[in-house]
>>> print(open('work34.cif').read())   # mmCIF, C-alpha atoms
data_run
#
loop_
_atom_site.label_atom_id
_atom_site.label_comp_id
_atom_site.auth_asym_id
_atom_site.auth_seq_id
_atom_site.Cartn_x
_atom_site.Cartn_y
_atom_site.Cartn_z
CA MET M 68 122.36 199.73 -23.33
CA SER M 69 119.66 199.89 -25.99
CA GLY M 70 121.73 197.69 -28.29
CA LEU M 71 122.77 195.22 -25.59
CA PRO M 72 122.46 191.66 -26.92
CA TYR M 73 119.94 189.47 -25.15
CA LEU M 74 120.44 185.70 -24.97
CA ASP M 75 117.09 184.02 -24.44
CA ALA M 76 116.40 180.54 -23.08
CA ALA M 77 116.62 178.74 -26.43
CA THR M 78 119.88 180.50 -27.27
CA LEU M 79 121.46 179.61 -23.92
CA GLU M 80 120.43 175.98 -24.32
CA ARG M 81 121.93 175.87 -27.79
CA LEU M 82 125.17 177.64 -26.87
CA VAL M 83 125.85 175.72 -23.66
CA PRO M 84 124.49 172.16 -23.68
CA MET M 85 124.31 170.50 -20.29
CA GLY M 86 127.50 168.51 -20.72
CA ARG M 87 129.38 171.67 -21.68
CA ALA M 88 128.05 173.45 -18.58
CA VAL M 89 129.39 170.68 -16.35
CA THR M 90 132.78 170.89 -18.05
CA VAL M 91 133.20 174.67 -17.78
CA LEU M 92 132.28 174.60 -14.09
CA GLU M 93 134.89 171.93 -13.40
CA ASP M 94 137.47 173.75 -15.51
CA ALA M 95 136.92 176.95 -13.54
CA LEU M 96 137.46 175.21 -10.21
CA ARG M 97 140.54 173.37 -11.45
CA ALA M 98 141.92 176.70 -12.69
CA GLY M 99 141.82 178.00 -9.13
CA LEU M 100 138.43 179.63 -8.69
CA ASP M 101 137.72 179.69 -4.95
CA PRO M 102 134.01 179.25 -4.18
CA GLU M 103 134.64 180.55 -0.66
CA ALA M 104 135.60 183.94 -2.11
CA THR M 105 132.21 184.52 -3.76
CA PRO M 106 130.36 187.47 -2.17
CA GLN M 107 127.35 186.54 -0.08
CA ARG M 108 124.15 187.50 -1.86
CA PRO M 109 121.80 190.00 -0.23
CA VAL M 110 118.29 188.62 0.21
CA VAL M 111 115.56 191.22 0.71
CA ASP M 112 112.07 190.30 1.86
CA VAL M 113 109.35 192.18 -0.02
CA PRO M 114 105.56 191.88 0.26
CA ALA M 115 105.27 189.40 -2.63
CA GLY M 116 108.33 187.30 -1.73
CA GLN M 117 112.06 187.94 -1.99
CA LEU M 118 114.59 189.77 -4.14
CA LEU M 119 118.12 188.38 -4.51
CA LEU M 120 121.20 190.01 -5.99
CA MET M 121 124.04 187.67 -7.02
CA PRO M 122 127.31 189.37 -8.09
CA ALA M 123 130.59 187.67 -9.00
CA ALA M 124 133.78 188.54 -10.87
CA THR M 125 136.86 187.00 -12.44
CA ARG M 126 139.69 188.73 -14.28
CA ARG M 127 137.94 188.46 -17.64
CA TYR M 128 134.30 188.98 -16.67
CA ALA M 129 131.97 190.30 -14.01
CA GLY M 130 128.28 189.65 -13.72
CA VAL M 131 125.22 189.99 -11.60
CA LYS M 132 121.91 188.15 -11.52
CA ALA M 133 118.82 189.88 -10.18
CA VAL M 134 116.29 187.29 -9.05
CA SER M 135 112.75 187.51 -7.73
CA ILE M 136 111.03 184.71 -5.82
CA ALA M 137 107.24 184.99 -5.66
CA PRO M 138 105.70 181.96 -3.90
CA ALA M 139 102.16 182.81 -5.04
CA ASN M 140 103.04 183.00 -8.73
CA PRO M 141 102.38 179.34 -9.65
CA GLU M 142 98.73 179.85 -8.69
CA ARG M 143 98.68 182.72 -11.20
CA GLY M 144 100.26 180.59 -13.89
CA LEU M 145 103.54 182.48 -13.56
CA PRO M 146 107.04 181.24 -12.67
CA ARG M 147 107.92 181.19 -8.99
CA ILE M 148 111.46 182.34 -9.81
CA GLN M 149 112.22 185.06 -12.36
CA GLY M 150 115.35 186.99 -13.15
CA THR M 151 117.80 188.61 -15.53
CA TYR M 152 121.56 188.24 -15.83
CA LEU M 153 123.94 191.04 -16.85
CA LEU M 154 127.46 190.16 -18.02
CA PHE M 155 130.23 192.80 -17.97
CA ASP M 156 133.77 193.03 -19.28
CA GLY M 157 136.18 192.31 -16.45
CA ASP M 158 138.57 195.20 -17.25
CA THR M 159 136.24 198.03 -18.25
CA LEU M 160 133.01 196.80 -16.59
CA ALA M 161 131.25 197.69 -19.82
CA PRO M 162 128.03 195.67 -20.24
CA LEU M 163 128.40 192.86 -22.77
CA ALA M 164 125.10 191.00 -22.75
CA ALA M 165 121.87 190.35 -20.90
CA MET M 166 120.54 186.84 -20.47
CA ASP M 167 117.42 185.00 -19.38
CA GLY M 168 118.06 184.52 -15.66
CA ILE M 169 115.60 181.65 -15.24
CA ALA M 170 117.16 179.72 -18.10
CA LEU M 171 120.63 180.34 -16.71
CA THR M 172 119.55 179.06 -13.29
CA SER M 173 117.81 176.06 -14.84
CA LEU M 174 121.07 175.19 -16.61
CA ARG M 175 123.73 175.84 -14.00
CA THR M 176 121.96 174.34 -10.97
CA PRO M 177 121.68 170.78 -12.35
CA ALA M 178 125.12 171.16 -13.95
CA VAL M 179 126.63 171.89 -10.52
CA SER M 180 124.82 168.85 -9.10
CA ALA M 181 126.12 166.70 -11.94
CA LEU M 182 129.67 167.90 -11.28
CA ALA M 183 129.34 166.83 -7.65
CA VAL M 184 127.78 163.50 -8.65
CA ARG M 185 130.63 162.88 -11.12
CA HIS M 186 133.03 162.82 -8.14
CA LEU M 187 130.74 161.43 -5.42
CA ALA M 188 128.52 158.73 -6.88
CA GLU M 189 129.23 155.09 -7.55
CA PRO M 190 130.38 154.65 -11.18
CA GLY M 191 127.51 152.34 -12.11
CA ALA M 192 124.72 154.47 -10.63
CA ARG M 193 121.66 153.91 -12.82
CA ARG M 194 118.55 154.19 -10.59
CA LEU M 195 117.42 157.76 -9.92
CA VAL M 196 114.64 159.05 -7.68
CA VAL M 197 113.61 162.67 -8.33
CA PHE M 198 111.51 164.66 -5.87
CA GLY M 199 109.76 167.46 -7.73
CA SER M 200 108.25 167.82 -11.19
CA GLY M 201 109.33 171.26 -12.35
CA PRO M 202 112.16 172.53 -14.56
CA GLN M 203 114.85 171.71 -12.01
CA ALA M 204 113.64 168.13 -11.69
CA TYR M 205 113.84 167.58 -15.46
CA GLY M 206 117.13 169.44 -15.62
CA HIS M 207 118.58 167.05 -13.06
CA VAL M 208 117.48 164.04 -15.10
CA LEU M 209 119.31 165.48 -18.10
CA ALA M 210 122.38 166.50 -16.12
CA LEU M 211 122.85 163.30 -14.16
CA ARG M 212 122.64 161.30 -17.40
CA GLU M 213 125.73 163.21 -18.54
CA VAL M 214 127.86 161.79 -15.72
CA ARG M 215 126.29 158.44 -14.80
CA PRO M 216 124.53 155.65 -16.78
CA VAL M 217 121.03 156.53 -15.54
CA GLU M 218 118.45 154.09 -16.92
CA ASP M 219 115.57 154.13 -14.44
CA VAL M 220 113.76 157.17 -12.99
CA THR M 221 111.13 157.42 -10.27
CA VAL M 222 109.40 160.82 -10.09
CA VAL M 223 107.77 161.78 -6.78
CA GLY M 224 105.61 164.90 -6.85
CA ARG M 225 102.59 166.48 -5.22
CA ASP M 226 100.59 166.82 -8.41
CA ALA M 227 99.85 163.53 -10.17
CA GLY M 228 99.48 165.14 -13.59
CA ARG M 229 102.76 167.04 -13.44
CA ALA M 230 104.63 164.05 -12.03
CA GLU M 231 103.34 161.80 -14.80
CA ALA M 232 104.17 164.44 -17.41
CA LEU M 233 107.77 164.46 -16.20
CA ALA M 234 107.88 160.66 -16.21
CA ALA M 235 106.60 160.73 -19.82
CA ARG M 236 109.39 163.13 -20.79
CA CYS M 237 111.88 160.71 -19.23
CA ARG M 238 110.40 157.82 -21.20
CA ALA M 239 110.74 159.91 -24.36
CA LEU M 240 114.48 159.98 -23.61
CA GLY M 241 114.51 156.18 -23.64
CA LEU M 242 114.48 155.81 -19.87
CA THR M 243 112.27 153.53 -17.80
CA ALA M 244 110.19 155.91 -15.68
CA ARG M 245 107.19 156.03 -13.38
CA ALA M 246 105.47 158.68 -11.26
CA PHE M 247 104.11 158.59 -7.71
CA THR M 248 102.48 161.18 -5.49
CA ASN M 249 102.36 161.68 -1.75
CA PRO M 250 99.11 163.61 -1.14
CA ALA M 251 99.33 163.13 2.63
CA ASN M 252 102.68 164.89 2.63
CA ASP M 253 101.92 168.26 1.06
CA HIS M 254 105.50 169.24 1.62
CA THR M 255 105.56 172.43 -0.37
CA SER M 256 102.65 173.97 1.51
CA HIS M 257 104.65 174.69 4.67
CA THR M 258 105.39 178.39 5.04
CA THR M 259 106.82 178.39 8.56
CA PRO M 260 110.54 177.65 8.91
CA GLU M 261 111.62 174.84 11.16
CA SER M 262 112.72 176.26 14.48
CA PRO M 263 115.92 175.07 16.13
CA GLU M 264 113.91 174.80 19.33
CA ARG M 265 111.40 172.34 17.93
CA PRO M 266 111.22 169.01 19.76
CA ALA M 267 113.24 166.10 18.45
CA SER M 268 111.89 164.30 15.41
CA PRO M 269 109.35 161.53 15.99
CA SER M 270 110.30 157.88 15.95
CA PRO M 271 111.55 156.48 12.61
CA THR M 272 108.32 154.54 12.12
CA ALA M 273 106.14 157.57 12.74
CA SER M 274 108.44 159.69 10.60
CA ALA M 275 108.21 157.23 7.74
CA GLN M 276 104.42 157.26 7.88
CA ALA M 277 104.26 161.03 8.10
CA THR M 278 106.70 161.60 5.27
CA VAL M 279 106.03 158.83 2.80
CA ASP M 280 102.49 157.87 3.62
CA GLY M 281 100.04 158.79 0.90
CA GLY M 282 97.86 155.73 0.50
CA SER M 283 98.31 151.99 0.42
CA GLY M 284 100.09 151.88 -2.94
CA PRO M 285 102.48 154.67 -3.86
CA ASP M 286 103.92 155.16 -0.35
CA GLU M 287 105.33 151.64 -0.29
CA GLN M 288 106.58 152.01 -3.84
CA VAL M 289 108.31 155.30 -3.04
CA ALA M 290 109.98 153.71 -0.01
CA ARG M 291 111.08 150.78 -2.18
CA ALA M 292 112.45 153.11 -4.84
CA LEU M 293 114.41 155.04 -2.24
CA ALA M 294 115.85 151.85 -0.77
CA GLN M 295 117.06 150.77 -4.23
CA ALA M 296 118.17 154.20 -5.49
CA ASP M 297 121.71 154.94 -6.55
CA LEU M 298 120.92 158.65 -6.93
CA VAL M 299 118.30 160.91 -5.32
CA ALA M 300 117.67 164.46 -6.53
CA CYS M 301 115.60 166.77 -4.31
CA CYS M 302 114.31 169.66 -6.41
CA THR M 303 111.36 171.02 -4.43
CA THR M 304 110.18 173.99 -2.42
CA ALA M 305 109.83 171.80 0.67
CA ARG M 306 110.56 173.34 4.05
CA ARG M 307 110.61 170.03 5.93
CA PRO M 308 112.27 166.69 5.11
CA LEU M 309 110.86 164.90 2.09
CA PHE M 310 111.53 161.36 3.33
CA PRO M 311 113.07 159.51 6.28
CA GLY M 312 116.79 159.28 5.76
CA LYS M 313 116.76 155.76 7.18
CA LEU M 314 115.15 154.60 3.92
CA THR M 315 118.31 155.28 1.91
CA ARG M 316 121.14 152.79 1.64
CA ASP M 317 124.84 153.31 2.24
CA GLY M 318 126.51 154.38 -0.98
CA VAL M 319 123.56 156.34 -2.38
CA THR M 320 124.29 159.90 -3.54
CA VAL M 321 121.68 162.52 -2.64
CA VAL M 322 121.66 166.06 -4.02
CA ALA M 323 119.46 168.71 -2.42
CA VAL M 324 118.97 171.95 -4.35
CA GLY M 325 115.55 173.24 -3.36
CA SER M 326 116.28 175.60 -0.47
CA HIS M 327 118.53 178.57 0.20
CA GLU M 328 117.03 179.42 3.59
CA PRO M 329 118.41 178.48 7.02
CA GLY M 330 114.96 177.46 8.27
CA ALA M 331 114.06 175.13 5.39
CA ARG M 332 115.40 171.71 4.41
CA GLU M 333 114.66 168.72 2.20
CA LEU M 334 116.80 166.19 4.10
CA ASP M 335 116.47 164.99 7.67
CA GLY M 336 119.17 164.88 10.31
CA ASP M 337 119.46 161.10 10.20
CA LEU M 338 120.58 161.14 6.58
CA VAL M 339 122.90 164.12 7.02
CA ALA M 340 124.53 162.58 10.10
CA ARG M 341 125.22 159.28 8.28
CA ALA M 342 126.52 160.93 5.15
CA THR M 343 129.69 162.35 3.71
CA VAL M 344 128.43 165.91 3.20
CA VAL M 345 129.86 168.17 0.50
CA VAL M 346 128.67 171.75 -0.02
CA GLU M 347 129.32 174.35 -2.70
CA ALA M 348 131.14 176.54 -0.18
CA ARG M 349 131.33 176.26 3.59
CA ALA M 350 130.64 179.96 4.10
CA ALA M 351 127.47 179.85 2.00
CA ALA M 352 126.25 176.62 3.59
CA LEU M 353 126.75 177.93 7.11
CA GLU M 354 124.76 181.02 6.18
CA GLU M 355 121.91 179.60 4.09
CA ALA M 356 121.68 175.79 4.03
CA GLY M 357 118.98 174.63 6.40
CA ASP M 358 119.77 171.02 5.48
CA VAL M 359 122.96 171.37 7.54
CA LEU M 360 122.10 174.31 9.80
CA ILE M 361 119.05 172.67 11.38
CA PRO M 362 120.92 169.45 12.34
CA MET M 363 123.73 171.66 13.69
CA SER M 364 121.31 173.69 15.79
CA ARG M 365 119.98 170.48 17.33
CA GLY M 366 123.39 169.06 18.07
CA THR M 367 123.07 166.26 15.51
CA ILE M 368 126.22 167.38 13.67
CA SER M 369 128.81 170.13 13.96
CA SER M 370 130.40 172.26 11.26
CA ARG M 371 133.31 169.79 11.20
CA HIS M 372 130.91 167.23 9.72
CA LEU M 373 131.16 169.05 6.38
CA ALA M 374 133.68 167.01 4.41
CA GLY M 375 134.59 169.81 2.03
CA ASN M 376 133.41 172.18 -0.65
CA LEU M 377 133.03 171.55 -4.36
CA ALA M 378 136.61 172.58 -5.13
CA ASP M 379 137.89 170.19 -2.46
CA LEU M 380 135.79 167.41 -3.97
CA ILE M 381 137.00 167.69 -7.55
CA THR M 382 140.65 167.99 -6.48
CA GLY M 383 140.48 164.78 -4.45
CA GLN M 384 140.60 166.34 -0.99
CA VAL M 385 137.33 164.83 0.25
CA ILE M 386 137.45 161.43 1.93
CA ILE M 387 134.25 159.58 1.09
CA GLY M 388 132.96 157.47 3.96
CA PRO M 389 131.00 154.20 3.89
CA GLY M 390 127.56 155.79 4.32
CA PRO M 391 125.45 157.90 1.95
CA ARG M 392 126.97 160.82 0.08
CA VAL M 393 125.16 164.18 0.18
CA PHE M 394 125.72 167.27 -1.92
CA LYS M 395 123.89 170.34 -0.69
CA SER M 396 123.72 173.43 -2.89
CA THR M 397 122.04 176.77 -2.36
CA GLY M 398 123.11 178.32 -5.68
CA MET M 399 126.10 180.64 -5.96
CA ALA M 400 126.94 183.62 -8.15
CA TRP M 401 130.25 182.20 -9.45
CA GLU M 402 128.32 179.37 -11.12
CA ASP M 403 126.13 181.84 -13.02
CA LEU M 404 129.16 183.82 -14.11
CA VAL M 405 131.08 180.80 -15.41
CA VAL M 406 128.15 179.50 -17.47
CA ALA M 407 127.15 183.00 -18.67
CA ALA M 408 130.71 183.65 -19.83
CA ALA M 409 130.75 180.36 -21.71
CA ALA M 410 127.47 181.28 -23.41
CA TYR M 411 128.78 184.72 -24.39
CA GLU M 412 132.01 183.30 -25.78
CA ALA M 413 130.10 180.74 -27.80
CA TRP M 414 127.75 183.46 -29.07
CA THR M 415 130.59 185.74 -30.17
#
>>> encode(input="work34.cif", output="structure tokens")
Amino acid sequence: MSGLPYLDAATLERLVPMGRAVTVLEDALRAGLDPEATPQRPVVDVPAGQLLLMPAATRRYAGVKAVSIAPANPERGLPRIQGTYLLFDGDTLAPLAAMDGIALTSLRTPAVSALAVRHLAEPGARRLVVFGSGPQAYGHVLALREVRPVEDVTVVGRDAGRAEALAARCRALGLTARAFTNPANDHTSHTTPESPERPASPSPTASAQATVDGGSGPDEQVARALAQADLVACCTTARRPLFPGKLTRDGVTVVAVGSHEPGARELDGDLVARATVVVEARAAALEEAGDVLIPMSRGTISSRHLAGNLADLITGQVIIGPGPRVFKSTGMAWEDLVVAAAAYEAWT
């Protein structure tokens, strides 16, 4: 393997632009790829965090992504998520290429969200609220612009400097953008999962104050932005809901990508219960997605509330109701494989 080609972040970005990533993912599903058939990934707790192994295979290719999640790394100036992808020939299982796993994740995750938004969101959706200020948040701005006429972006983050930096990058794209913070809601600091036995959520008014309150200015502006939003992208490490679901209007499309743990969520039960909920795969969601598992454990919804998976959505099998639309993803190995194969084919 000493001569194994390595595709770094810049190469992946050049070979598979965001719009191309969205297209190859949709093409794979329309060709019959079944997201329910993807193997469940093993997640191993280690002293510094977690190790994940994400294998997948088609007739032409096989691949595996090894991922590490180290929650303390940002304080060290290091990425929270790191990883490497290995692509193999589908017939011989001979290794073909190694790739930057972080870059692959940063590409395919927003591309999957954009694919869902392409089939869920109102055609004229132009106002976007993004929770988070990291690579996934920016990636979602880029990806959602590929499928909807996004013109206006509100960034909501914990760190004022990072949030404003992301807003500035959005303005450099020609978008109208602003940044707000919610210092009273240090949502990424929670390390204890939500327990199914916790008492019911507080009243909507108290919940709104607890979740959006951060001072006399930005909290009201965040609530206003949410009320007017056509699209909301949740790209955080939050373990508890980022905002009261009652603030969102019917017809809004919300994507939640930040968590792959059953005890963590970015969305509250009110929003999930009102919404048409689409997931990448039912099996994965019922194993990992706290955004649906916690409301289920409390009796707010049942598994039948899930309207379908991503393949169902793009083939027209999901009936979209009058309320909000929610797409919940936890990240799946088939997505990595499809985008990695496209990068390799473009490289060769």
>>> closest_residue(input="work34.cif", among="M:Val322, M:Arg392, M:Asp358, M:Glu80", to="Ala413 of chain M", atoms="all atoms listed in the file")
M:Glu80
>>> resolve_selection(input="work34.cif", expression="the PyMOL selection byres ((chain M and resi 142-152) around 6)", output="list of chain:residue names")
M:Val131, M:Lys132, M:Ala133, M:Val134, M:Ser135, M:Ile136, M:Ala137, M:Pro138, M:Ala139, M:Asn140, M:Pro141, M:Leu153, M:Ala165, M:Met166, M:Asp167, M:Gly168, M:Ile169
>>> closest_residue(input="work34.cif", among="M:Ala296, M:Leu187, M:Met85, M:Val289", to="Arg212 of chain M", atoms="only C-alpha atoms")
M:Met85
>>> residues_around(input="work34.cif", residues="segment 234-238 of chain M", least_positions_apart="4", cutoff="9 Å", atoms="all atoms listed in the file", output="list in words")
Ser200, Tyr205, Val208, Leu209, Asp219, Val220, Thr221, Val222, Arg229, Ala230, Leu242, Thr243, Ala244, Arg245 and Ala246 of chain M
>>> write_last_selection(input="work34.cif", atoms="C-alpha atoms", output="mmCIF file, in the coordinates of the input")
data_model
loop_
_atom_site.group_PDB
_atom_site.id
_atom_site.type_symbol
_atom_site.label_atom_id
_atom_site.label_comp_id
_atom_site.auth_asym_id
_atom_site.auth_seq_id
_atom_site.Cartn_x
_atom_site.Cartn_y
_atom_site.Cartn_z
ATOM 1 C CA SER M 200 108.250 167.820 -11.190
ATOM 2 C CA TYR M 205 113.840 167.580 -15.460
ATOM 3 C CA VAL M 208 117.480 164.040 -15.100
ATOM 4 C CA LEU M 209 119.310 165.480 -18.100
ATOM 5 C CA ASP M 219 115.570 154.130 -14.440
ATOM 6 C CA VAL M 220 113.760 157.170 -12.990
ATOM 7 C CA THR M 221 111.130 157.420 -10.270
ATOM 8 C CA VAL M 222 109.400 160.820 -10.090
ATOM 9 C CA ARG M 229 102.760 167.040 -13.440
ATOM 10 C CA ALA M 230 104.630 164.050 -12.030
ATOM 11 C CA LEU M 242 114.480 155.810 -19.870
ATOM 12 C CA THR M 243 112.270 153.530 -17.800
ATOM 13 C CA ALA M 244 110.190 155.910 -15.680
ATOM 14 C CA ARG M 245 107.190 156.030 -13.380
ATOM 15 C CA ALA M 246 105.470 158.680 -11.260
#
>>> closest_residue(input="work34.cif", among="M:Gly398, M:Gly375, M:Gly388, M:Gly330", to="Pro308 of chain M", atoms="all atoms listed in the file")
M:Gly330
>>> atom_distance(input="work34.cif", atom1="atom CA of Val197 of chain M", atom2="atom CA of Val339 of chain M")
18.0 Å
>>> residues_near_point(input="work34.cif", point="(130.7, 154.2, -7.6)", cutoff="12 Å", atoms="all atoms listed in the file", output="PyMOL selection string")
chain M and resi 184-193+214-216+297-298+317-320+387+389+391-392
>>> resolve_selection(input="work34.cif", expression="the PyMOL selection byres ((chain M and resi 353) around 12)", output="number ranges by chain")
M: 103, 107, 327-330, 346-352, 354-364, 369-373, 376, 395-397
>>> resolve_selection(input="work34.cif", expression="the PyMOL selection byres ((chain M and resi 291) around 12)", output="tab-separated table (two decimals) with C-alpha atoms, keeping the file's coordinate frame")
chain	number	residue	atom	x	y	z
M	194	ARG	CA	118.55	154.19	-10.59
M	196	VAL	CA	114.64	159.05	-7.68
M	221	THR	CA	111.13	157.42	-10.27
M	247	PHE	CA	104.11	158.59	-7.71
M	279	VAL	CA	106.03	158.83	2.80
M	284	GLY	CA	100.09	151.88	-2.94
M	285	PRO	CA	102.48	154.67	-3.86
M	286	ASP	CA	103.92	155.16	-0.35
M	287	GLU	CA	105.33	151.64	-0.29
M	288	GLN	CA	106.58	152.01	-3.84
M	289	VAL	CA	108.31	155.30	-3.04
M	290	ALA	CA	109.98	153.71	-0.01
M	292	ALA	CA	112.45	153.11	-4.84
M	293	LEU	CA	114.41	155.04	-2.24
M	294	ALA	CA	115.85	151.85	-0.77
M	295	GLN	CA	117.06	150.77	-4.23
M	296	ALA	CA	118.17	154.20	-5.49
M	310	PHE	CA	111.53	161.36	3.33
M	314	LEU	CA	115.15	154.60	3.92
M	315	THR	CA	118.31	155.28	1.91
M	316	ARG	CA	121.14	152.79	1.64
>>> atom_distance(input="work34.cif", atom1="atom CA of Leu171 of chain M", atom2="atom CA of Val406 of chain M")
7.6 Å
>>> atom_distance(input="work34.cif", atom1="atom CA of Ala342 of chain M", atom2="atom CA of Val299 of chain M")
13.3 Å
>>> residues_around(input="work34.cif", residues="Leu377 of chain M", least_positions_apart="5", cutoff="9 Å", atoms="only C-alpha atoms", output="count of residues only")
11
>>> axis_aligned_box(input="work34.cif", around="segment 405-411 of chain M", padding_each_side="6 Å", output="JSON")
{"center_x": 129.1, "center_y": 182.1, "center_z": -19.9, "size_x": 15.9, "size_y": 17.2, "size_z": 21.0}
>>> residues_near_point(input="work34.cif", point="(132.5, 180.4, -23.4)", cutoff="12 Å", atoms="all atoms listed in the file", output="count of residues only")
25
>>> closest_residue(input="work34.cif", among="M:Glu231, M:Asp101, M:Asp403, M:Glu213", to="Ala181 of chain M", atoms="only C-alpha atoms")
M:Glu213
>>> closest_residue(input="work34.cif", among="M:Thr105, M:Leu163, M:Phe155, M:Glu333", to="Pro72 of chain M", atoms="only C-alpha atoms")
M:Leu163
>>> closest_residue(input="work34.cif", among="M:Gly99, M:Gly201, M:Pro106, M:Gly116", to="Asp226 of chain M", atoms="all atoms listed in the file")
M:Gly201
